[in-house]
>>> print(open('structure.csv').read())   # CSV, C-alpha atoms
chain,number,residue,atom,x,y,z
A,12,MET,CA,11.9,-9.6,-14.6
A,13,LEU,CA,8.8,-11.0,-13.0
A,14,ARG,CA,6.4,-13.0,-15.2
A,15,ILE,CA,3.0,-13.9,-13.9
A,16,HIS,CA,1.3,-16.6,-16.0
A,17,PHE,CA,-2.5,-16.6,-16.3
A,18,THR,CA,-5.0,-19.2,-17.5
A,19,GLY,CA,-8.5,-18.4,-18.5
A,20,LYS,CA,-9.7,-19.3,-15.0
A,21,ASP,CA,-7.1,-16.9,-13.5
A,22,LEU,CA,-8.5,-14.0,-15.5
A,23,GLY,CA,-11.9,-14.7,-13.9
A,24,GLY,CA,-10.2,-14.8,-10.5
A,25,VAL,CA,-8.5,-11.4,-10.7
A,26,ARG,CA,-9.7,-9.2,-7.8
A,27,MET,CA,-8.9,-6.0,-6.0
A,28,ALA,CA,-8.0,-5.9,-2.3
A,29,ALA,CA,-10.7,-4.3,-0.2
A,30,GLY,CA,-8.2,-1.6,1.0
A,31,PRO,CA,-4.6,-1.0,2.1
A,32,ASP,CA,-3.0,-3.9,4.1
A,33,PRO,CA,-1.6,-2.6,7.4
A,34,LEU,CA,1.3,-5.1,7.6
A,35,TRP,CA,2.3,-4.7,3.9
A,36,GLU,CA,2.3,-0.9,4.5
A,37,THR,CA,4.3,-1.4,7.7
A,38,ILE,CA,7.0,-3.5,6.1
A,39,LEU,CA,7.3,-1.5,2.9
A,40,SER,CA,7.4,1.7,4.9
A,41,PHE,CA,10.4,0.3,6.7
A,42,HIS,CA,12.1,0.2,3.3
A,43,ARG,CA,11.2,3.8,2.6
A,44,ILE,CA,12.4,5.1,6.0
A,45,ARG,CA,15.9,4.0,5.3
A,46,ASP,CA,16.5,5.5,1.8
A,47,ARG,CA,16.4,8.9,0.3
A,48,ARG,CA,14.4,8.2,-2.8
A,49,GLY,CA,11.0,9.6,-3.5
A,50,PRO,CA,11.7,12.9,-1.6
A,51,LEU,CA,8.4,14.5,-2.8
A,52,ALA,CA,6.2,11.6,-1.7
A,53,TYR,CA,8.1,10.5,1.4
A,54,GLY,CA,10.5,13.2,2.4
A,55,GLN,CA,8.3,15.0,4.9
A,56,TRP,CA,7.0,11.6,6.2
A,57,ARG,CA,10.5,10.5,6.9
A,58,ARG,CA,11.4,13.6,8.8
A,59,GLU,CA,8.3,13.4,10.9
A,60,THR,CA,8.5,9.7,11.5
A,61,ARG,CA,12.1,9.5,12.5
A,62,THR,CA,11.5,11.8,15.4
A,63,ARG,CA,9.0,9.2,16.8
A,64,LEU,CA,11.2,6.1,16.5
A,65,ASN,CA,13.2,4.5,19.2
A,66,GLY,CA,14.7,1.0,19.1
A,67,GLU,CA,12.2,-0.5,16.7
A,68,THR,CA,14.4,-0.1,13.6
A,69,SER,CA,17.3,-2.0,15.0
A,70,LEU,CA,15.1,-5.0,15.8
A,71,LEU,CA,13.3,-5.0,12.4
A,72,SER,CA,16.5,-4.4,10.3
A,73,ALA,CA,17.6,-8.0,11.0
A,74,LEU,CA,14.5,-9.3,9.1
A,75,VAL,CA,13.9,-6.6,6.5
A,76,PRO,CA,17.0,-5.7,4.6
A,77,GLN,CA,17.1,-2.4,2.6
A,78,ARG,CA,16.5,-4.3,-0.6
A,79,GLY,CA,15.8,-7.8,-1.7
A,80,TYR,CA,13.9,-10.6,0.0
A,81,PHE,CA,12.1,-10.4,3.4
A,82,PRO,CA,10.3,-13.3,5.0
A,83,ASP,CA,6.8,-14.0,3.7
A,84,PHE,CA,5.5,-14.7,7.2
A,85,LEU,CA,5.8,-10.9,8.0
A,86,THR,CA,2.7,-10.2,5.7
A,87,PRO,CA,0.0,-12.9,6.5
A,88,ALA,CA,-3.3,-12.9,4.7
A,89,GLN,CA,-5.1,-12.0,7.9
A,90,GLY,CA,-3.8,-8.4,7.7
A,91,ARG,CA,-6.1,-7.7,4.7
A,92,LEU,CA,-9.1,-7.4,6.9
A,93,GLY,CA,-8.6,-3.6,7.1
A,94,PHE,CA,-6.9,-1.2,9.5
A,95,ASP,CA,-8.9,-1.7,12.7
A,96,VAL,CA,-9.2,-5.5,12.5
A,97,GLY,CA,-6.4,-6.4,10.1
A,98,LEU,CA,-3.4,-5.1,12.0
A,99,GLU,CA,-4.1,-7.1,15.2
A,100,ALA,CA,-5.4,-10.2,13.2
A,101,GLY,CA,-2.2,-10.1,11.1
A,102,LEU,CA,0.0,-9.8,14.1
A,103,GLU,CA,-1.7,-12.7,15.8
A,104,ALA,CA,-1.3,-14.8,12.7
A,105,LEU,CA,2.4,-13.8,12.6
A,106,ARG,CA,2.7,-14.8,16.3
A,107,ALA,CA,1.3,-18.2,15.4
A,108,THR,CA,3.7,-18.9,12.5
A,109,PRO,CA,5.1,-22.5,12.8
A,110,ARG,CA,8.7,-22.7,13.8
A,111,GLU,CA,9.5,-24.8,10.7
A,112,ARG,CA,8.3,-22.1,8.4
A,113,ILE,CA,10.3,-19.5,10.3
A,114,ARG,CA,13.5,-21.5,10.0
A,115,ALA,CA,12.9,-22.1,6.3
A,116,GLU,CA,12.2,-18.5,5.5
A,117,LEU,CA,15.1,-17.2,7.6
A,118,ALA,CA,17.4,-19.7,5.8
A,119,LEU,CA,16.3,-18.1,2.5
A,120,LEU,CA,17.0,-14.6,4.0
A,121,ALA,CA,20.4,-15.8,5.1
A,122,VAL,CA,21.3,-17.0,1.6
A,123,ASP,CA,20.4,-13.5,0.3
A,124,ASN,CA,22.5,-12.0,2.9
A,125,LYS,CA,25.7,-14.0,2.3
A,126,ARG,CA,27.4,-11.1,0.6
A,127,GLY,CA,28.5,-9.7,3.9
A,128,ARG,CA,25.2,-8.3,5.1
A,129,ASP,CA,24.7,-10.9,7.9
A,130,PRO,CA,27.8,-10.5,10.1
A,131,GLY,CA,28.2,-13.0,12.8
A,132,GLY,CA,25.4,-15.3,11.6
A,133,ARG,CA,22.7,-13.1,13.1
A,134,LEU,CA,19.9,-14.7,11.1
A,135,ALA,CA,20.8,-18.2,12.2
A,136,SER,CA,20.7,-17.1,15.8
A,137,LEU,CA,17.2,-15.7,15.2
A,138,ALA,CA,16.0,-19.0,14.0
A,139,ASP,CA,17.7,-21.2,16.6
A,140,GLY,CA,17.0,-19.1,19.7
A,141,GLY,CA,20.6,-18.0,20.1
A,142,PRO,CA,21.8,-14.5,21.2
A,143,GLY,CA,20.2,-12.7,18.2
A,144,ARG,CA,18.5,-9.4,18.7
A,145,LEU,CA,15.0,-11.0,18.9
A,146,GLY,CA,16.2,-13.9,21.1
A,147,GLY,CA,15.2,-16.6,18.6
A,148,LEU,CA,12.1,-16.3,16.5
A,149,GLY,CA,11.2,-19.9,16.9
A,150,GLY,CA,10.1,-19.3,20.5
A,151,LEU,CA,7.1,-17.5,21.8
A,152,GLY,CA,9.3,-14.8,23.4
A,153,GLY,CA,11.1,-14.0,20.2
A,154,LEU,CA,7.9,-13.8,18.2
A,155,GLY,CA,6.3,-11.7,20.9
A,156,ARG,CA,9.1,-9.2,20.8
A,157,LEU,CA,8.9,-9.1,17.0
A,158,VAL,CA,5.1,-8.4,17.2
A,159,ASP,CA,5.7,-5.7,19.8
A,160,ALA,CA,8.3,-4.1,17.6
A,161,LEU,CA,6.1,-4.2,14.5
A,162,ARG,CA,3.1,-2.7,16.4
A,163,THR,CA,5.2,0.1,17.9
A,164,TYR,CA,6.8,0.9,14.6
A,165,HIS,CA,3.4,0.9,12.9
A,166,ARG,CA,2.0,3.3,15.4
A,167,ALA,CA,4.9,5.7,14.7
A,168,ALA,CA,5.2,5.4,10.9
A,169,VAL,CA,1.9,4.3,9.5
A,170,GLU,CA,-1.1,4.9,11.8
A,171,PRO,CA,-0.9,8.7,11.9
A,172,TYR,CA,-1.1,8.8,8.1
A,173,TRP,CA,-3.6,6.0,7.6
A,174,PRO,CA,-6.5,8.1,6.3
A,175,HIS,CA,-4.2,9.6,3.6
A,176,ILE,CA,-2.8,6.1,2.8
A,177,ARG,CA,-6.4,4.7,2.5
A,178,ALA,CA,-7.5,7.6,0.4
A,179,ARG,CA,-4.7,7.0,-2.2
A,180,VAL,CA,-5.5,3.3,-2.2
A,181,GLU,CA,-9.2,3.9,-2.6
A,182,ALA,CA,-8.6,6.2,-5.5
A,183,ASP,CA,-6.5,3.5,-7.2
A,184,ARG,CA,-9.2,0.9,-6.5
A,185,ALA,CA,-11.8,3.2,-8.1
A,186,LEU,CA,-9.6,3.6,-11.2
A,187,ARG,CA,-9.0,-0.2,-11.5
A,188,GLY,CA,-12.7,-0.9,-10.8
A,189,ARG,CA,-13.7,1.4,-13.6
A,190,ALA,CA,-11.3,-0.3,-16.0
A,191,LEU,CA,-12.8,-3.7,-15.0
A,192,LEU,CA,-16.3,-2.6,-15.6
A,193,ASP,CA,-15.3,-1.0,-19.0
A,194,GLY,CA,-13.3,-3.9,-20.4
A,195,GLY,CA,-13.0,-6.8,-18.0
A,196,ALA,CA,-9.8,-8.3,-16.5
A,197,ASP,CA,-7.9,-7.6,-19.7
A,198,GLU,CA,-8.6,-3.8,-19.4
A,199,LEU,CA,-7.9,-3.9,-15.7
A,200,LEU,CA,-4.5,-5.5,-16.1
A,201,SER,CA,-3.6,-3.1,-19.0
A,202,THR,CA,-4.2,-0.1,-16.8
A,203,LEU,CA,-1.8,-1.1,-14.0
A,204,PRO,CA,1.2,1.3,-13.4
A,205,PRO,CA,3.9,1.4,-16.2
A,206,MET,CA,6.3,-1.0,-14.5
A,207,LEU,CA,3.6,-3.7,-15.1
A,208,ARG,CA,2.9,-4.8,-18.7
A,209,TRP,CA,0.0,-7.0,-19.7
A,210,ARG,CA,1.0,-9.2,-22.6
A,211,SER,CA,-1.8,-11.8,-22.5
A,212,PRO,CA,-1.5,-14.4,-21.0
A,213,VAL,CA,1.5,-13.0,-19.1
A,214,LEU,CA,1.8,-10.0,-16.8
A,215,GLU,CA,5.4,-8.8,-16.9
A,216,ALA,CA,7.0,-6.5,-14.3
A,217,ASP,CA,10.3,-4.8,-13.7
A,218,TYR,CA,11.8,-6.9,-10.9
A,219,PRO,CA,15.3,-7.2,-9.3
A,220,VAL,CA,15.5,-10.9,-10.1
A,221,ASP,CA,14.0,-13.3,-12.7
A,222,ARG,CA,10.9,-14.9,-11.3
A,223,GLU,CA,8.1,-17.0,-12.9
A,224,LEU,CA,4.8,-17.2,-11.0
A,225,ARG,CA,2.2,-19.6,-12.4
A,226,LEU,CA,-1.2,-18.9,-11.0
A,227,ASP,CA,-2.6,-22.3,-12.1
A,228,GLY,CA,-6.3,-21.4,-11.6
A,229,ARG,CA,-5.9,-19.6,-8.2
A,230,GLY,CA,-6.5,-16.1,-9.5
A,231,LEU,CA,-4.6,-13.1,-8.4
A,232,LEU,CA,-5.2,-10.5,-5.7
A,233,LEU,CA,-4.1,-7.0,-6.7
A,234,GLN,CA,-3.0,-5.0,-3.6
A,235,PRO,CA,-2.3,-1.3,-4.2
A,236,SER,CA,0.2,0.1,-1.7
A,237,PHE,CA,1.2,3.6,-0.6
A,238,PHE,CA,4.7,2.6,0.5
A,239,CYS,CA,5.5,0.3,-2.4
A,240,ARG,CA,7.9,2.1,-4.8
A,241,SER,CA,9.2,1.5,-8.3
A,242,THR,CA,8.8,-2.3,-8.4
A,243,PRO,CA,5.9,-4.5,-7.4
A,244,VAL,CA,6.2,-7.2,-4.7
A,245,VAL,CA,5.1,-10.8,-4.6
A,246,HIS,CA,5.6,-13.6,-2.1
A,247,ARG,CA,8.7,-15.7,-2.5
A,248,ASP,CA,6.8,-18.9,-1.8
A,249,PRO,CA,4.8,-19.8,-4.9
A,250,ALA,CA,2.5,-22.0,-2.8
A,251,LEU,CA,1.1,-19.1,-0.9
A,252,PRO,CA,-2.2,-17.4,-2.3
A,253,PRO,CA,-0.9,-15.2,-5.1
A,254,VAL,CA,-0.8,-11.5,-4.3
A,255,LEU,CA,0.7,-8.7,-6.4
A,256,VAL,CA,1.5,-5.5,-4.4
A,257,TYR,CA,2.1,-2.5,-6.6
A,258,PRO,CA,2.6,1.2,-6.0
A,259,VAL,CA,-0.2,3.8,-6.1
A,260,THR,CA,0.2,7.1,-7.9
A,261,HIS,CA,1.5,9.9,-5.7
A,262,SER,CA,0.6,13.5,-6.0
A,263,ASP,CA,2.0,14.7,-2.6
A,264,ALA,CA,3.2,13.5,0.8
A,265,PRO,CA,1.0,12.5,3.7
A,266,ALA,CA,0.8,15.2,6.3
A,267,VAL,CA,-1.2,16.3,9.3
A,268,THR,CA,-4.1,18.6,8.5
A,269,GLU,CA,-5.8,20.8,11.1
A,270,ARG,CA,-9.5,20.1,11.3
A,271,GLY,CA,-11.9,22.9,10.5
A,272,GLY,CA,-9.2,24.8,8.5
A,273,PRO,CA,-10.1,27.7,6.2
A,274,THR,CA,-10.7,25.5,3.1
A,275,LEU,CA,-13.4,23.7,5.0
A,276,GLY,CA,-15.2,27.0,5.6
A,277,ARG,CA,-15.6,27.3,1.8
A,278,LEU,CA,-17.5,24.0,1.7
A,279,VAL,CA,-21.0,25.4,1.7
A,280,GLY,CA,-24.0,25.6,-0.5
A,281,HIS,CA,-26.3,23.2,-2.4
A,282,THR,CA,-24.1,22.9,-5.6
A,283,ARG,CA,-21.0,21.8,-3.8
A,284,SER,CA,-22.9,19.3,-1.7
A,285,ALA,CA,-24.4,17.9,-5.0
A,286,VAL,CA,-20.8,17.7,-6.4
A,287,LEU,CA,-19.6,15.8,-3.4
A,288,ARG,CA,-22.5,13.4,-3.7
A,289,ALA,CA,-21.9,12.9,-7.4
A,290,ILE,CA,-18.3,11.9,-6.7
A,291,GLU,CA,-19.3,9.2,-4.2
A,292,HIS,CA,-18.7,6.3,-6.6
A,293,GLY,CA,-16.0,7.9,-8.7
A,294,SER,CA,-16.5,10.5,-11.4
A,295,THR,CA,-14.6,12.2,-14.2
A,296,THR,CA,-14.9,16.0,-14.5
A,297,SER,CA,-17.2,15.7,-17.5
A,298,GLU,CA,-19.4,13.2,-15.7
A,299,LEU,CA,-19.4,15.5,-12.7
A,300,ALA,CA,-20.6,18.4,-14.8
A,301,ARG,CA,-23.4,16.3,-16.4
A,302,ARG,CA,-24.6,14.8,-13.2
A,303,THR,CA,-24.8,18.2,-11.4
A,304,GLY,CA,-25.9,20.3,-14.3
A,305,VAL,CA,-23.0,22.8,-14.1
A,306,SER,CA,-20.4,23.7,-16.7
A,307,LEU,CA,-17.2,21.8,-17.1
A,308,ALA,CA,-15.2,24.7,-15.7
A,309,SER,CA,-17.5,25.0,-12.7
A,310,ALA,CA,-17.2,21.2,-12.0
A,311,SER,CA,-13.5,21.4,-12.2
A,312,GLN,CA,-13.4,24.4,-9.8
A,313,HIS,CA,-15.7,22.6,-7.3
A,314,ALA,CA,-13.6,19.5,-7.4
A,315,CYS,CA,-10.5,21.6,-6.8
A,316,VAL,CA,-12.0,23.1,-3.6
A,317,LEU,CA,-13.2,19.7,-2.3
A,318,ARG,CA,-9.7,18.4,-3.0
A,319,GLU,CA,-8.0,21.2,-1.1
A,320,ALA,CA,-10.3,20.5,1.8
A,321,GLY,CA,-9.1,16.9,1.9
A,322,LEU,CA,-12.5,15.5,0.8
A,323,VAL,CA,-11.6,14.3,-2.7
A,324,VAL,CA,-8.6,12.6,-4.4
A,325,THR,CA,-8.0,13.0,-8.1
A,326,LEU,CA,-6.1,10.6,-10.3
A,327,ARG,CA,-5.4,10.7,-14.1
A,328,HIS,CA,-7.1,8.1,-16.2
A,329,GLY,CA,-5.9,8.4,-19.8
A,330,ASN,CA,-6.8,11.9,-21.0
A,331,ALA,CA,-9.3,12.4,-18.2
A,332,VAL,CA,-9.1,12.5,-14.5
A,333,LEU,CA,-11.1,10.5,-11.9
A,334,HIS,CA,-12.3,12.0,-8.7
A,335,THR,CA,-13.0,9.8,-5.6
A,336,LEU,CA,-13.9,10.5,-2.0
A,337,THR,CA,-11.3,10.4,0.8
A,338,PRO,CA,-12.5,8.7,4.1
A,339,LEU,CA,-13.1,12.3,5.4
A,340,GLY,CA,-15.3,13.1,2.4
A,341,ALA,CA,-17.2,9.8,2.7
A,342,ALA,CA,-17.8,10.5,6.5
A,343,LEU,CA,-19.1,14.0,5.7
A,344,LEU,CA,-21.4,12.6,3.0
A,345,ARG,CA,-22.8,10.1,5.5
A,346,GLY,CA,-23.4,12.9,8.0
A,347,GLY,CA,-20.6,12.0,10.4
A,348,GLY,CA,-17.9,14.4,11.4
A,349,PRO,CA,-14.1,13.7,11.1
A,350,SER,CA,-12.8,11.4,13.8
A,351,ALA,CA,-10.2,12.4,16.3
A,352,GLY,CA,-6.6,12.0,14.9
A,353,LEU,CA,-7.7,12.1,11.3
A,354,TYR,CA,-4.9,13.0,8.9
A,355,ALA,CA,-5.3,13.8,5.2
A,356,ARG,CA,-4.0,16.2,2.7
A,357,ASN,CA,-4.3,16.0,-1.1
A,358,GLY,CA,-2.3,18.4,-3.2
A,359,PRO,CA,-3.6,20.1,-6.4
A,360,VAL,CA,-4.0,18.0,-9.5
A,361,THR,CA,-5.0,19.7,-12.7
A,362,SER,CA,-8.6,18.8,-13.5
>>> encode(input="structure.csv", output="structure tokens")
Amino acid sequence: MLRIHFTGKDLGGVRMAAGPDPLWETILSFHRIRDRRGPLAYGQWRRETRTRLNGETSLLSALVPQRGYFPDFLTPAQGRLGFDVGLEAGLEALRATPRERIRAELALLAVDNKRGRDPGGRLASLADGGPGRLGGLGGLGGLGRLVDALRTYHRAAVEPYWPHIRARVEADRALRGRALLDGGADELLSTLPPMLRWRSPVLEADYPVDRELRLDGRGLLLQPSFFCRSTPVVHRDPALPPVLVYPVTHSDAPAVTERGGPTLGRLVGHTRSAVLRAIEHGSTTSELARRTGVSLASASQHACVLREAGLVVTLRHGNAVLHTLTPLGAALLRGGGPSAGLYARNGPVTS
């Protein structure tokens, strides 16, 4: 079990990440690509992604085991700047990781791999510059090859699905933000997914090992993640800025959507435009009906059409549902068209 200990100052320092973290999604997706769990959420993504992979998985598997610890330096804070800036900033920060830190974290990984999962001392060779697959992570060449492998893998496994990933994370952010406004940090922590339990002043979580994380006034960053599954993730090093990565709610799998499909053709008329505008900052179905002056049934129907068109994401919030815009819906509301290579699909959720 994981126990995160809060002080009064920490409760005031709870905050939501600004969006999905490209490197966290990349590393966690590497876990998902190698297992068969979550077939509804990840099955189609696995099939599509595996056809685009070459040698990246053999390089990364030395550092990211199927379960358990992976080095903290793989997910630097610079990656949280967002997709366009965050990926490259995070990779550059990774490239600049001090050799001493690499050796220390690979030593921890080697300890976790002592049960026969590190044949031939491969991790030691990675740290020392021996004949390991990455040619020694302590050197610029080895780190450069790692960065290239991560970038290539990201382009195959994460980048094509980024709008869908971002939409799910934005929907979760809207849900948590609403809880924060309604009841403060206590309410926010109480609404986290079921594997997380707020028992003030401790946040407990299902976890593969026993861990105690004391925030000591540093606050906590909540990072929703599309590829996180079943259990949350925290850094192994307690001295790093505290981050809790937790899974978003899944209603379907990410998939490519043809632009200008038949459902978009139904998106016409003053009422539906008003509904889309009313959803901009998050709205329940009853609020949607009130804001637009339509019946509850009509509001639900309009939200369903917008969702089928890939413009809206819907999540349950207690006995109600919360509608939020996808990146495509936000772009349409701003007057911009969908960008090239935009992928999103959101399956039906009863509203």
>>> residues_around(input="structure.csv", residues="A:Leu299", least_positions_apart="3", cutoff="10 Å", atoms="only C-alpha atoms", output="MDAnalysis selection string")
chainID A and resid 285:290 293:296 302:307 309:311 313:314 333:334
>>> atom_distance(input="structure.csv", atom1="atom CA of A:Gly195", atom2="atom CA of A:Gly24")
11.3 Å
>>> atom_distance(input="structure.csv", atom1="atom CA of A:Gly19", atom2="atom CA of A:Leu192")
17.9 Å
>>> residues_around(input="structure.csv", residues="stretch 176-191 of chain A", least_positions_apart="2", cutoff="7 Å", atoms="all atoms listed in the file", output="mmCIF file with C-alpha atoms, keeping the file's coordinate frame")
data_model
loop_
_atom_site.group_PDB
_atom_site.id
_atom_site.type_symbol
_atom_site.label_atom_id
_atom_site.label_comp_id
_atom_site.auth_asym_id
_atom_site.auth_seq_id
_atom_site.Cartn_x
_atom_site.Cartn_y
_atom_site.Cartn_z
ATOM 1 C CA MET A 27 -8.900 -6.000 -6.000
ATOM 2 C CA GLY A 30 -8.200 -1.600 1.000
ATOM 3 C CA PRO A 31 -4.600 -1.000 2.100
ATOM 4 C CA TYR A 172 -1.100 8.800 8.100
ATOM 5 C CA TRP A 173 -3.600 6.000 7.600
ATOM 6 C CA PRO A 174 -6.500 8.100 6.300
ATOM 7 C CA ASP A 193 -15.300 -1.000 -19.000
ATOM 8 C CA GLY A 194 -13.300 -3.900 -20.400
ATOM 9 C CA GLY A 195 -13.000 -6.800 -18.000
ATOM 10 C CA ALA A 196 -9.800 -8.300 -16.500
ATOM 11 C CA GLU A 198 -8.600 -3.800 -19.400
ATOM 12 C CA LEU A 199 -7.900 -3.900 -15.700
ATOM 13 C CA PRO A 235 -2.300 -1.300 -4.200
ATOM 14 C CA SER A 236 0.200 0.100 -1.700
ATOM 15 C CA PHE A 237 1.200 3.600 -0.600
ATOM 16 C CA VAL A 259 -0.200 3.800 -6.100
ATOM 17 C CA GLY A 293 -16.000 7.900 -8.700
ATOM 18 C CA VAL A 324 -8.600 12.600 -4.400
ATOM 19 C CA LEU A 326 -6.100 10.600 -10.300
ATOM 20 C CA THR A 335 -13.000 9.800 -5.600
ATOM 21 C CA THR A 337 -11.300 10.400 0.800
ATOM 22 C CA PRO A 338 -12.500 8.700 4.100
#
>>> closest_residue(input="structure.csv", among="A:Gly153, A:Gly101, A:Gly79, A:Pro87", to="A:Asn124", atoms="all atoms listed in the file")
A:Gly79
>>> atom_distance(input="structure.csv", atom1="atom CA of A:Pro82", atom2="atom CA of A:Arg106")
13.7 Å
>>> closest_residue(input="structure.csv", among="A:Glu103, A:Asp32, A:Asp123, A:Glu116", to="A:Val220", atoms="all atoms listed in the file")
A:Asp123
>>> residues_around(input="structure.csv", residues="stretch 38-45 of chain A", least_positions_apart="5", cutoff="7 Å", atoms="only C-alpha atoms", output="MDAnalysis selection string")
chainID A and resid 57 77 238:239
>>> residues_around(input="structure.csv", residues="A:Ala107", least_positions_apart="2", cutoff="12 Å", atoms="only C-alpha atoms", output="ChimeraX atom specification")
/A:84-85,87,89,100-105,109-113,148-155,157-158
>>> residues_around(input="structure.csv", residues="A:Pro205", least_positions_apart="5", cutoff="12 Å", atoms="only C-alpha atoms", output="MDAnalysis selection string")
chainID A and resid 200 214:217 241:243 257:260
>>> decode(input="structure.csv", residues="stretch 201-223 of chain A", atoms="N, CA and C atoms", output="short mmCIF file (atom, residue, chain, number, x, y, z; two decimals), in the first residue's frame")
data_model
loop_
_atom_site.label_atom_id
_atom_site.label_comp_id
_atom_site.auth_asym_id
_atom_site.auth_seq_id
_atom_site.Cartn_x
_atom_site.Cartn_y
_atom_site.Cartn_z
N SER A 201 -11.13 13.30 -2.33
CA SER A 201 -12.17 12.28 -2.12
C SER A 201 -12.76 11.77 -3.43
N THR A 202 -12.61 12.53 -4.52
CA THR A 202 -13.21 12.13 -5.79
C THR A 202 -12.24 11.40 -6.71
N LEU A 203 -11.01 11.15 -6.25
CA LEU A 203 -10.05 10.44 -7.08
C LEU A 203 -10.54 9.01 -7.33
N PRO A 204 -10.00 8.31 -8.34
CA PRO A 204 -10.48 6.96 -8.66
C PRO A 204 -10.45 6.02 -7.46
N PRO A 205 -11.21 4.91 -7.53
CA PRO A 205 -11.43 4.05 -6.36
C PRO A 205 -10.17 3.44 -5.75
N MET A 206 -9.11 3.28 -6.53
CA MET A 206 -7.89 2.72 -5.94
C MET A 206 -7.18 3.70 -5.02
N LEU A 207 -7.68 4.95 -4.97
CA LEU A 207 -7.14 5.98 -4.09
C LEU A 207 -8.19 6.34 -3.05
N ARG A 208 -7.81 6.35 -1.77
CA ARG A 208 -8.78 6.58 -0.69
C ARG A 208 -8.25 7.69 0.22
N TRP A 209 -9.02 8.76 0.33
CA TRP A 209 -8.63 9.89 1.17
C TRP A 209 -9.15 9.68 2.58
N ARG A 210 -8.22 9.49 3.52
CA ARG A 210 -8.54 9.35 4.93
C ARG A 210 -7.68 10.37 5.66
N SER A 211 -8.17 11.59 5.67
CA SER A 211 -7.41 12.75 6.15
C SER A 211 -6.68 12.43 7.46
N PRO A 212 -5.38 12.74 7.53
CA PRO A 212 -4.56 13.48 6.55
C PRO A 212 -3.71 12.58 5.66
N VAL A 213 -4.19 11.36 5.35
CA VAL A 213 -3.41 10.41 4.55
C VAL A 213 -4.22 9.99 3.33
N LEU A 214 -3.56 10.01 2.17
CA LEU A 214 -4.14 9.47 0.94
C LEU A 214 -3.56 8.08 0.74
N GLU A 215 -4.41 7.05 0.80
CA GLU A 215 -3.97 5.67 0.64
C GLU A 215 -4.25 5.20 -0.78
N ALA A 216 -3.39 4.31 -1.26
CA ALA A 216 -3.56 3.80 -2.62
C ALA A 216 -3.13 2.35 -2.68
N ASP A 217 -3.85 1.56 -3.50
CA ASP A 217 -3.40 0.21 -3.81
C ASP A 217 -2.05 0.33 -4.50
N TYR A 218 -1.08 -0.46 -4.05
CA TYR A 218 0.29 -0.33 -4.56
C TYR A 218 0.99 -1.67 -4.39
N PRO A 219 1.89 -2.02 -5.30
CA PRO A 219 2.52 -3.35 -5.23
C PRO A 219 3.47 -3.53 -4.05
N VAL A 220 3.96 -2.44 -3.46
CA VAL A 220 4.85 -2.51 -2.30
C VAL A 220 4.39 -1.49 -1.28
N ASP A 221 4.87 -1.63 -0.05
CA ASP A 221 4.55 -0.65 0.99
C ASP A 221 5.46 0.56 0.84
N ARG A 222 4.83 1.76 0.73
CA ARG A 222 5.58 2.99 0.59
C ARG A 222 4.94 4.06 1.46
N GLU A 223 5.77 4.88 2.09
CA GLU A 223 5.31 6.04 2.86
C GLU A 223 5.92 7.28 2.21
#
